[in-house]
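Novice: Dumping the structure here so I can ask a few things about it.
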There are 2 protein chains.
Amino acid sequence: MSISKKEIESSVKDKELIEIRRKEIVNAAVDLFVRKGFHRTTIREIAQKFGMSVGTLYEYIRTKEDILILVCDYINSTVRMRVKPSVEITKDSAQSLKNAIEIYYRIIDELQDYIIFLYQETKSLSHENRKYIFKSEEDMTRIFEDILKHGVEQGSFKIDEKNILLTAHNIMVLGQMWAFRRWALQKNYTLDRYIETQSKSILDQITKH
Amino acid sequence: MSISKKEIESSVKDKELIEIRRKEIVNAAVDLFVRKGFHRTTIREIAQKFGMSVGTLYEYIRTKEDILILVCDYINSTVRMRVKPSVEITKDSAQSLKNAIEIYYRIIDELQDYIIFLYQETKSLSHENRKYIFKSEEDMTRIFEDILKHGVEQGSFKIDEKNILLTAHNIMVLGQMWAFRRWALQKNYTLDRYIETQSKSILDQITKH
DNA sequence: AATAAGGCTGAACGGTCGTTCAGTTTATCA
DNA sequence: TGATAAACTGAACGACCGTTCAGCCTTATT
């Protein structure tokens, strides 16, 4: 699931210690990255934040970009780990979708700074590593795709086969928009109202009338 | 309309020359920024790109961020200048909206690199300057708001008064998504198909049935 | 032709930052 | 307890980059 452990080399032998230290690194870095951006955050700051020397930090990563990968991966899996177990595909497809949307949108609200960060700093990753982030986002999309497909098979939704993927993307982006357009949306709508309205218009659109 | 000319100071007296030189600066910077990002692009590169010395460049701007403002402003006004004159509010509200969506989405497709750049580098601006970018985006949103309002007044659309703004934002984001989710969308859909599908589902949603 | 000012030049400055490595501390085990 | 390796330290290195400034060139004016 998580790419970080396999891909990033370390000069330390103890696998368990690597795990522990990297969690510390990520915890320190996430805050700083989100607040100041990747480029403006220095290795020294990250090391200092949890009382480790710069030298030691470099025993657990190779480059600064490695930290960015760890952080992006952490954010992505946090979102996915919190959405996935809460989503269930029941017989009532409309209700399933409604629930999934609500869960996802509430997590976005909670982690909005992280979502915005992902949008803005993915481009700082190398081409190779960016693909992992996209892949992770495709995994999230598939959650909604599956619900939609199930609803179509079951006869609750009416969506052209070819448009199921697009609809899933729409659902996700309309959620993420709550974060990256907050300067406009959050002074005009409450989260509850936002979820209700978007949810309704998505369901209206795909429900047979 | 454009903030750049008034806000950014210059040590050069000749107003016309400032205009000319800044256009050269923006032209050189846009390409580099879009390709390499703001932080990775150096002043030296920008100056070299159109054969000006670093010293002279600094006669026309105060800091590197000034160039970012100029570039963001340039991108925004390019989009707006190309959308606004093509949009017209006719008696047939549905057709007006359909046209506006198509025009806007096609421009996004054409300028997708620029759109993505705006999403990613706005945060590098100071708080003060970021507000101008948001304001500019609100201006764009108002174009769609006006069409929607007109359609509601005219009886063609059925949208709760409070949701007109949200619908306008939805229309814009579903367009911008074509750019920043191209890694998923552009390998599954053509632009024509994308415009048609999104356009249809937006119109379905707000048209009285 | 002399003067002056507007515009231009790029070497130099000061500072920052990612990364390394010679050496120290800590933990392990014979 | 001494030896060995793993883990840690932070000063130092080298490179880069935004910005400045002392002086040069060009043009216009008298």
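Residues in the structure tokens are named by chain (A, B, ... in the order shown) and by number from 1 within that chain; ligands are numbered from 1 in the order shown.
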Mind doing a quick least-squares superposition of chain B onto chain A, all C-alpha atoms paired one-to-one in order, and writing it out as a PDB file with C-alpha atoms, in the first residue's frame?
Specialist:
ATOM      1  CA  MET B   1      -0.038   0.077  -0.076  1.00  0.00           C
ATOM      2  CA  SER B   2       2.458   2.604   1.152  1.00  0.00           C
ATOM      3  CA  ILE B   3       5.364   3.188  -1.156  1.00  0.00           C
ATOM      4  CA  SER B   4       7.635   4.876   1.292  1.00  0.00           C
ATOM      5  CA  LYS B   5       9.042   1.957   3.216  1.00  0.00           C
ATOM      6  CA  LYS B   6      10.244   0.063   0.204  1.00  0.00           C
ATOM      7  CA  GLU B   7      11.459   2.768  -2.075  1.00  0.00           C
ATOM      8  CA  ILE B   8      13.418   5.058   0.192  1.00  0.00           C
ATOM      9  CA  GLU B   9      16.794   3.751   1.262  1.00  0.00           C
ATOM     10  CA  SER B  10      18.306   4.299   4.669  1.00  0.00           C
ATOM     11  CA  SER B  11      21.738   3.674   6.121  1.00  0.00           C
ATOM     12  CA  VAL B  12      20.261   2.511   9.418  1.00  0.00           C
ATOM     13  CA  LYS B  13      19.916  -1.247   9.855  1.00  0.00           C
ATOM     14  CA  ASP B  14      17.189  -1.519  12.457  1.00  0.00           C
ATOM     15  CA  LYS B  15      13.950  -1.646  10.483  1.00  0.00           C
ATOM     16  CA  GLU B  16      11.806  -0.851  13.465  1.00  0.00           C
ATOM     17  CA  LEU B  17      13.855   2.199  14.344  1.00  0.00           C
ATOM     18  CA  ILE B  18      13.523   3.433  10.776  1.00  0.00           C
ATOM     19  CA  GLU B  19       9.776   3.195  11.142  1.00  0.00           C
ATOM     20  CA  ILE B  20       9.797   5.171  14.384  1.00  0.00           C
ATOM     21  CA  ARG B  21      12.168   7.881  13.208  1.00  0.00           C
ATOM     22  CA  ARG B  22      10.357   8.362   9.934  1.00  0.00           C
ATOM     23  CA  LYS B  23       7.127   8.861  11.759  1.00  0.00           C
ATOM     24  CA  GLU B  24       8.828  11.590  13.759  1.00  0.00           C
ATOM     25  CA  ILE B  25      10.203  13.118  10.586  1.00  0.00           C
ATOM     26  CA  VAL B  26       6.804  13.090   8.895  1.00  0.00           C
ATOM     27  CA  ASN B  27       5.063  14.538  11.937  1.00  0.00           C
ATOM     28  CA  ALA B  28       7.484  17.424  12.094  1.00  0.00           C
ATOM     29  CA  ALA B  29       7.595  17.977   8.348  1.00  0.00           C
ATOM     30  CA  VAL B  30       3.844  17.898   7.698  1.00  0.00           C
ATOM     31  CA  ASP B  31       3.222  20.891   9.918  1.00  0.00           C
ATOM     32  CA  LEU B  32       6.079  22.910   8.496  1.00  0.00           C
ATOM     33  CA  PHE B  33       5.333  22.011   4.881  1.00  0.00           C
ATOM     34  CA  VAL B  34       1.671  22.858   5.220  1.00  0.00           C
ATOM     35  CA  ARG B  35       2.412  26.153   6.925  1.00  0.00           C
ATOM     36  CA  LYS B  36       5.404  27.334   4.911  1.00  0.00           C
ATOM     37  CA  GLY B  37       5.465  25.215   1.805  1.00  0.00           C
ATOM     38  CA  PHE B  38       8.048  22.671   0.766  1.00  0.00           C
ATOM     39  CA  HIS B  39      10.635  25.051  -0.630  1.00  0.00           C
ATOM     40  CA  ARG B  40      10.572  27.457   2.262  1.00  0.00           C
ATOM     41  CA  THR B  41      10.992  24.737   4.853  1.00  0.00           C
ATOM     42  CA  THR B  42      14.593  23.825   5.636  1.00  0.00           C
ATOM     43  CA  ILE B  43      16.048  20.512   6.684  1.00  0.00           C
ATOM     44  CA  ARG B  44      17.399  22.230   9.770  1.00  0.00           C
ATOM     45  CA  GLU B  45      13.931  23.295  10.831  1.00  0.00           C
ATOM     46  CA  ILE B  46      12.549  19.796  10.452  1.00  0.00           C
ATOM     47  CA  ALA B  47      15.392  18.260  12.436  1.00  0.00           C
ATOM     48  CA  GLN B  48      15.168  20.887  15.150  1.00  0.00           C
ATOM     49  CA  LYS B  49      11.404  20.501  15.470  1.00  0.00           C
ATOM     50  CA  PHE B  50      11.738  17.129  17.139  1.00  0.00           C
ATOM     51  CA  GLY B  51      15.233  17.476  18.497  1.00  0.00           C
ATOM     52  CA  MET B  52      17.288  15.471  16.063  1.00  0.00           C
ATOM     53  CA  SER B  53      20.541  16.519  14.463  1.00  0.00           C
ATOM     54  CA  VAL B  54      20.735  17.138  10.752  1.00  0.00           C
ATOM     55  CA  GLY B  55      23.234  14.335  10.398  1.00  0.00           C
ATOM     56  CA  THR B  56      20.938  11.779  11.951  1.00  0.00           C
ATOM     57  CA  LEU B  57      18.029  12.927   9.839  1.00  0.00           C
ATOM     58  CA  TYR B  58      20.122  12.069   6.820  1.00  0.00           C
ATOM     59  CA  GLU B  59      20.586   8.558   8.134  1.00  0.00           C
ATOM     60  CA  TYR B  60      16.903   7.949   7.449  1.00  0.00           C
ATOM     61  CA  ILE B  61      16.450   9.680   4.121  1.00  0.00           C
ATOM     62  CA  ARG B  62      18.594  10.384   1.101  1.00  0.00           C
ATOM     63  CA  THR B  63      17.330  13.762  -0.051  1.00  0.00           C
ATOM     64  CA  LYS B  64      14.853  16.440   0.896  1.00  0.00           C
ATOM     65  CA  GLU B  65      12.492  15.133  -1.751  1.00  0.00           C
ATOM     66  CA  ASP B  66      12.311  11.859   0.163  1.00  0.00           C
ATOM     67  CA  ILE B  67      10.666  13.766   2.995  1.00  0.00           C
ATOM     68  CA  LEU B  68       8.157  15.220   0.555  1.00  0.00           C
ATOM     69  CA  ILE B  69       7.323  11.717  -0.664  1.00  0.00           C
ATOM     70  CA  LEU B  70       6.873  10.524   2.894  1.00  0.00           C
ATOM     71  CA  VAL B  71       4.596  13.456   3.661  1.00  0.00           C
ATOM     72  CA  CYS B  72       2.476  13.156   0.508  1.00  0.00           C
ATOM     73  CA  ASP B  73       2.171   9.444   1.064  1.00  0.00           C
ATOM     74  CA  TYR B  74       1.187  10.016   4.658  1.00  0.00           C
ATOM     75  CA  ILE B  75      -1.553  12.487   3.745  1.00  0.00           C
ATOM     76  CA  ASN B  76      -2.941  10.257   1.030  1.00  0.00           C
ATOM     77  CA  SER B  77      -3.070   7.163   3.145  1.00  0.00           C
ATOM     78  CA  THR B  78      -4.577   9.081   6.041  1.00  0.00           C
ATOM     79  CA  VAL B  79      -7.472  10.139   3.837  1.00  0.00           C
ATOM     80  CA  ARG B  80      -7.887   6.717   2.303  1.00  0.00           C
ATOM     81  CA  MET B  81      -7.603   4.873   5.604  1.00  0.00           C
ATOM     82  CA  ARG B  82     -10.342   7.000   7.056  1.00  0.00           C
ATOM     83  CA  VAL B  83     -12.708   6.804   4.108  1.00  0.00           C
ATOM     84  CA  LYS B  84     -12.412   3.172   3.107  1.00  0.00           C
ATOM     85  CA  PRO B  85     -13.545   1.404   6.286  1.00  0.00           C
ATOM     86  CA  SER B  86     -16.512   3.740   6.691  1.00  0.00           C
ATOM     87  CA  VAL B  87     -17.834   3.177   3.207  1.00  0.00           C
ATOM     88  CA  GLU B  88     -20.155   0.279   2.618  1.00  0.00           C
ATOM     89  CA  ILE B  89     -22.050  -0.798  -0.434  1.00  0.00           C
ATOM     90  CA  THR B  90     -25.539  -1.749   0.651  1.00  0.00           C
ATOM     91  CA  LYS B  91     -28.669  -2.569  -1.281  1.00  0.00           C
ATOM     92  CA  ASP B  92     -29.773   1.034  -1.066  1.00  0.00           C
ATOM     93  CA  SER B  93     -27.291   2.453  -3.571  1.00  0.00           C
ATOM     94  CA  ALA B  94     -28.485   6.011  -3.216  1.00  0.00           C
ATOM     95  CA  GLN B  95     -27.963   5.891   0.513  1.00  0.00           C
ATOM     96  CA  SER B  96     -24.548   4.248   0.102  1.00  0.00           C
ATOM     97  CA  LEU B  97     -23.413   7.006  -2.181  1.00  0.00           C
ATOM     98  CA  LYS B  98     -24.836   9.697   0.040  1.00  0.00           C
ATOM     99  CA  ASN B  99     -22.966   8.256   3.002  1.00  0.00           C
ATOM    100  CA  ALA B 100     -19.707   7.941   1.114  1.00  0.00           C
ATOM    101  CA  ILE B 101     -19.934  11.529  -0.082  1.00  0.00           C
ATOM    102  CA  GLU B 102     -20.628  12.787   3.392  1.00  0.00           C
ATOM    103  CA  ILE B 103     -17.733  10.854   4.901  1.00  0.00           C
ATOM    104  CA  TYR B 104     -15.319  11.978   2.228  1.00  0.00           C
ATOM    105  CA  TYR B 105     -16.371  15.632   2.319  1.00  0.00           C
ATOM    106  CA  ARG B 106     -16.123  15.758   6.107  1.00  0.00           C
ATOM    107  CA  ILE B 107     -12.605  14.385   6.016  1.00  0.00           C
ATOM    108  CA  ILE B 108     -11.681  16.954   3.392  1.00  0.00           C
ATOM    109  CA  ASP B 109     -13.009  19.657   5.682  1.00  0.00           C
ATOM    110  CA  GLU B 110     -10.984  18.313   8.556  1.00  0.00           C
ATOM    111  CA  LEU B 111      -7.805  17.937   6.520  1.00  0.00           C
ATOM    112  CA  GLN B 112      -8.276  20.905   4.212  1.00  0.00           C
ATOM    113  CA  ASP B 113      -4.792  22.269   4.748  1.00  0.00           C
ATOM    114  CA  TYR B 114      -3.341  18.927   3.793  1.00  0.00           C
ATOM    115  CA  ILE B 115      -5.514  18.645   0.698  1.00  0.00           C
ATOM    116  CA  ILE B 116      -4.435  22.050  -0.494  1.00  0.00           C
ATOM    117  CA  PHE B 117      -0.841  21.125   0.175  1.00  0.00           C
ATOM    118  CA  LEU B 118      -1.157  18.057  -2.032  1.00  0.00           C
ATOM    119  CA  TYR B 119      -2.590  20.136  -4.850  1.00  0.00           C
ATOM    120  CA  GLN B 120       0.222  22.626  -4.628  1.00  0.00           C
ATOM    121  CA  GLU B 121       3.324  20.588  -4.005  1.00  0.00           C
ATOM    122  CA  THR B 122       2.793  17.488  -6.087  1.00  0.00           C
ATOM    123  CA  LYS B 123       4.633  19.221  -8.880  1.00  0.00           C
ATOM    124  CA  SER B 124       7.767  19.438  -6.723  1.00  0.00           C
ATOM    125  CA  LEU B 125       8.035  15.676  -6.966  1.00  0.00           C
ATOM    126  CA  SER B 126       9.990  13.939  -9.669  1.00  0.00           C
ATOM    127  CA  HIS B 127       7.979  12.472 -12.505  1.00  0.00           C
ATOM    128  CA  GLU B 128       8.419   8.996 -11.094  1.00  0.00           C
ATOM    129  CA  ASN B 129       7.102   9.885  -7.655  1.00  0.00           C
ATOM    130  CA  ARG B 130       4.266  11.983  -8.951  1.00  0.00           C
ATOM    131  CA  LYS B 131       2.832   8.877 -10.570  1.00  0.00           C
ATOM    132  CA  TYR B 132       2.436   7.290  -7.157  1.00  0.00           C
ATOM    133  CA  ILE B 133       0.374  10.224  -5.950  1.00  0.00           C
ATOM    134  CA  PHE B 134      -1.854  10.017  -9.022  1.00  0.00           C
ATOM    135  CA  LYS B 135      -2.202   6.292  -8.513  1.00  0.00           C
ATOM    136  CA  SER B 136      -3.245   6.900  -4.953  1.00  0.00           C
ATOM    137  CA  GLU B 137      -5.861   9.362  -6.129  1.00  0.00           C
ATOM    138  CA  GLU B 138      -7.126   6.848  -8.652  1.00  0.00           C
ATOM    139  CA  ASP B 139      -7.556   4.357  -5.829  1.00  0.00           C
ATOM    140  CA  MET B 140      -9.763   6.854  -4.048  1.00  0.00           C
ATOM    141  CA  THR B 141     -11.732   7.455  -7.215  1.00  0.00           C
ATOM    142  CA  ARG B 142     -12.360   3.748  -7.531  1.00  0.00           C
ATOM    143  CA  ILE B 143     -14.239   3.741  -4.235  1.00  0.00           C
ATOM    144  CA  PHE B 144     -16.857   5.997  -5.790  1.00  0.00           C
ATOM    145  CA  GLU B 145     -16.719   4.202  -9.113  1.00  0.00           C
ATOM    146  CA  ASP B 146     -17.615   0.956  -7.401  1.00  0.00           C
ATOM    147  CA  ILE B 147     -20.613   2.450  -5.656  1.00  0.00           C
ATOM    148  CA  LEU B 148     -21.810   3.971  -8.912  1.00  0.00           C
ATOM    149  CA  LYS B 149     -21.333   0.759 -10.863  1.00  0.00           C
ATOM    150  CA  HIS B 150     -23.216  -1.189  -8.261  1.00  0.00           C
ATOM    151  CA  GLY B 151     -26.068   1.292  -8.370  1.00  0.00           C
ATOM    152  CA  VAL B 152     -26.254   1.065 -12.143  1.00  0.00           C
ATOM    153  CA  GLU B 153     -26.252  -2.725 -12.165  1.00  0.00           C
ATOM    154  CA  GLN B 154     -28.900  -2.683  -9.518  1.00  0.00           C
ATOM    155  CA  GLY B 155     -31.031  -0.285 -11.498  1.00  0.00           C
ATOM    156  CA  SER B 156     -30.966   2.586  -9.008  1.00  0.00           C
ATOM    157  CA  PHE B 157     -28.727   4.856 -11.041  1.00  0.00           C
ATOM    158  CA  LYS B 158     -28.884   5.731 -14.677  1.00  0.00           C
ATOM    159  CA  ILE B 159     -25.431   6.610 -15.966  1.00  0.00           C
ATOM    160  CA  ASP B 160     -23.933   5.889 -19.346  1.00  0.00           C
ATOM    161  CA  GLU B 161     -21.270   3.226 -18.821  1.00  0.00           C
ATOM    162  CA  LYS B 162     -18.635   5.568 -20.216  1.00  0.00           C
ATOM    163  CA  ASN B 163     -19.518   8.335 -17.781  1.00  0.00           C
ATOM    164  CA  ILE B 164     -19.176   6.431 -14.546  1.00  0.00           C
ATOM    165  CA  LEU B 165     -15.500   7.317 -14.222  1.00  0.00           C
ATOM    166  CA  LEU B 166     -16.221  10.962 -14.969  1.00  0.00           C
ATOM    167  CA  THR B 167     -18.982  11.065 -12.392  1.00  0.00           C
ATOM    168  CA  ALA B 168     -16.635   9.627  -9.787  1.00  0.00           C
ATOM    169  CA  HIS B 169     -14.100  12.338 -10.572  1.00  0.00           C
ATOM    170  CA  ASN B 170     -16.798  14.976 -10.336  1.00  0.00           C
ATOM    171  CA  ILE B 171     -17.782  13.786  -6.898  1.00  0.00           C
ATOM    172  CA  MET B 172     -14.205  13.969  -5.695  1.00  0.00           C
ATOM    173  CA  VAL B 173     -13.401  17.332  -7.176  1.00  0.00           C
ATOM    174  CA  LEU B 174     -16.604  18.904  -5.902  1.00  0.00           C
ATOM    175  CA  GLY B 175     -15.451  17.780  -2.484  1.00  0.00           C
ATOM    176  CA  GLN B 176     -11.876  18.963  -2.795  1.00  0.00           C
ATOM    177  CA  MET B 177     -13.187  22.264  -4.033  1.00  0.00           C
ATOM    178  CA  TRP B 178     -14.453  22.870  -0.499  1.00  0.00           C
ATOM    179  CA  ALA B 179     -10.810  23.100   0.508  1.00  0.00           C
ATOM    180  CA  PHE B 180      -9.135  24.914  -2.337  1.00  0.00           C
ATOM    181  CA  ARG B 181     -11.965  27.387  -2.877  1.00  0.00           C
ATOM    182  CA  ARG B 182     -12.602  27.999   0.771  1.00  0.00           C
ATOM    183  CA  TRP B 183     -11.885  31.706   0.334  1.00  0.00           C
ATOM    184  CA  ALA B 184     -15.160  31.907  -1.572  1.00  0.00           C
ATOM    185  CA  LEU B 185     -17.253  29.010  -0.305  1.00  0.00           C
ATOM    186  CA  GLN B 186     -16.713  28.935   3.422  1.00  0.00           C
ATOM    187  CA  LYS B 187     -17.928  32.441   3.947  1.00  0.00           C
ATOM    188  CA  ASN B 188     -21.172  31.710   2.102  1.00  0.00           C
ATOM    189  CA  TYR B 189     -22.018  28.164   3.125  1.00  0.00           C
ATOM    190  CA  THR B 190     -21.715  25.907   6.143  1.00  0.00           C
ATOM    191  CA  LEU B 191     -20.204  22.484   5.679  1.00  0.00           C
ATOM    192  CA  ASP B 192     -23.506  20.810   6.407  1.00  0.00           C
ATOM    193  CA  ARG B 193     -25.296  22.864   3.838  1.00  0.00           C
ATOM    194  CA  TYR B 194     -22.516  22.317   1.317  1.00  0.00           C
ATOM    195  CA  ILE B 195     -22.602  18.553   1.711  1.00  0.00           C
ATOM    196  CA  GLU B 196     -26.373  18.489   1.492  1.00  0.00           C
ATOM    197  CA  THR B 197     -26.554  20.632  -1.618  1.00  0.00           C
ATOM    198  CA  GLN B 198     -23.770  18.964  -3.557  1.00  0.00           C
ATOM    199  CA  SER B 199     -24.938  15.549  -2.518  1.00  0.00           C
ATOM    200  CA  LYS B 200     -28.454  16.277  -3.649  1.00  0.00           C
ATOM    201  CA  SER B 201     -27.440  17.625  -7.032  1.00  0.00           C
ATOM    202  CA  ILE B 202     -25.149  14.677  -7.701  1.00  0.00           C
ATOM    203  CA  LEU B 203     -27.860  12.205  -6.768  1.00  0.00           C
ATOM    204  CA  ASP B 204     -30.521  14.057  -8.733  1.00  0.00           C
ATOM    205  CA  GLN B 205     -28.329  13.884 -11.737  1.00  0.00           C
ATOM    206  CA  ILE B 206     -27.813  10.132 -11.714  1.00  0.00           C
ATOM    207  CA  THR B 207     -31.102   8.933 -10.299  1.00  0.00           C
ATOM    208  CA  LYS B 208     -33.674   7.759 -12.740  1.00  0.00           C
ATOM    209  CA  HIS B 209     -36.553  10.146 -13.014  1.00  0.00           C
TER     210      HIS B 209
END
Novice: Would you give me, as JSON, numbers by chain, the residues in segment 44-150 of chain B that DSSP reads as alpha helix (DSSP H)?
Specialist: {"B": [44, 45, 46, 47, 48, 49, 54, 55, 56, 57, 58, 59, 60, 64, 65, 66, 67, 68, 69, 70, 71, 72, 73, 74, 75, 76, 77, 78, 79, 80, 81, 82, 83, 93, 94, 95, 96, 97, 98, 99, 100, 101, 102, 103, 104, 105, 106, 107, 108, 109, 110, 112, 113, 114, 115, 116, 117, 118, 119, 120, 121, 127, 128, 129, 130, 131, 132, 133, 134, 135, 136, 137, 138, 139, 140, 141, 142, 143, 144, 145, 146, 147, 148, 149, 150]}
Novice: May I ask which of the residues D:DA3, D:DA22, D:DC8, D:DC17 is the closest one to chain A, counting only C-alpha atoms (C1' of nucleotides)?
Specialist: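 Distance minimum relative to chain A lands on D:DC8.
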Novice: Per residue of chain C within 10 Å of chain B, note the shortest atom pair and the distance in Å to one decimal, counting only C-alpha atoms (C1' of nucleotides), and order the rows by chain and increasing residue number, as a tab-separated table.
Specialist:
residue	atom	partner	partner_atom	distance
C:DG6	C1'	B:Val12	CA	7.9
C:DG7	C1'	B:Val12	CA	7.8
C:DC8	C1'	B:Thr56	CA	6.0
C:DT9	C1'	B:Ser53	CA	6.4
C:DG10	C1'	B:Ser53	CA	7.2
Novice: Do you know which residues are at most 10 Å from DT28 of chain C counting only C-alpha atoms (C1' of nucleotides), after dropping those on the same chain fewer than 2 positions away, and could you put them as a ChimeraX atom specification?
Specialist: /C:26,30 /D:4-6
Novice: Give me a file of those residues, with N, CA and C atoms (P, O5', C5', C4', C3', O3' and C1' of nucleotides), as a short mmCIF file (atom, residue, chain, number, x, y, z; two decimals), in the first residue's frame.
Specialist:
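To be explicit, this is the file written out as selection-v8.cif:
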data_model
loop_
_atom_site.label_atom_id
_atom_site.label_comp_id
_atom_site.auth_asym_id
_atom_site.auth_seq_id
_atom_site.Cartn_x
_atom_site.Cartn_y
_atom_site.Cartn_z
P DT C 26 25.93 9.26 25.80
"O5'" DT C 26 25.38 7.89 25.21
"C5'" DT C 26 24.48 7.91 24.09
"C4'" DT C 26 24.25 6.49 23.62
"C3'" DT C 26 23.93 5.47 24.72
"O3'" DT C 26 22.68 4.87 24.42
"C1'" DT C 26 25.58 4.62 23.24
P DA C 30 27.94 -13.02 22.22
"O5'" DA C 30 29.50 -13.38 22.21
"C5'" DA C 30 30.39 -12.64 21.37
"C4'" DA C 30 31.74 -12.48 22.05
"C3'" DA C 30 32.26 -13.73 22.77
"O3'" DA C 30 33.66 -13.80 22.60
"C1'" DA C 30 31.99 -11.98 24.34
P DT D 4 37.89 -5.32 18.37
"O5'" DT D 4 36.47 -5.20 17.66
"C5'" DT D 4 35.44 -6.16 17.95
"C4'" DT D 4 34.09 -5.56 17.60
"C3'" DT D 4 34.12 -4.62 16.39
"O3'" DT D 4 33.14 -5.05 15.45
"C1'" DT D 4 32.97 -3.62 18.20
P DA D 5 33.15 -4.55 13.97
"O5'" DA D 5 31.64 -4.11 13.84
"C5'" DA D 5 30.63 -4.88 14.46
"C4'" DA D 5 29.45 -3.99 14.82
"C3'" DA D 5 29.04 -3.01 13.70
"O3'" DA D 5 27.63 -2.99 13.63
"C1'" DA D 5 29.37 -1.83 15.68
P DA D 6 26.87 -2.64 12.34
"O5'" DA D 6 25.56 -1.93 12.90
"C5'" DA D 6 25.03 -2.34 14.15
"C4'" DA D 6 24.49 -1.14 14.89
"C3'" DA D 6 23.76 -0.13 14.01
"O3'" DA D 6 22.48 0.11 14.58
"C1'" DA D 6 25.36 0.97 15.37
#
Novice: Write out as a count of residues only every residue belonging to chain D that has an atom at most 9 Å from any atom of chain B, counting only C-alpha atoms (C1' of nucleotides).
Specialist: 4
Novice: What is the distance between atom C1' of DT29 of chain D and atom C1' of DA5 of chain C, in Å to one decimal?
Specialist: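 Atom C1' of DT29 of chain D sits 10.4 Å away from atom C1' of DA5 of chain C.
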Novice: Just give me the gap between atom C1' of DA11 of chain C and atom C1' of DC25 of chain D in Å, one decimal is fine.
Specialist: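 Going from atom C1' of DA11 of chain C over to atom C1' of DC25 of chain D covers 17.5 Å.
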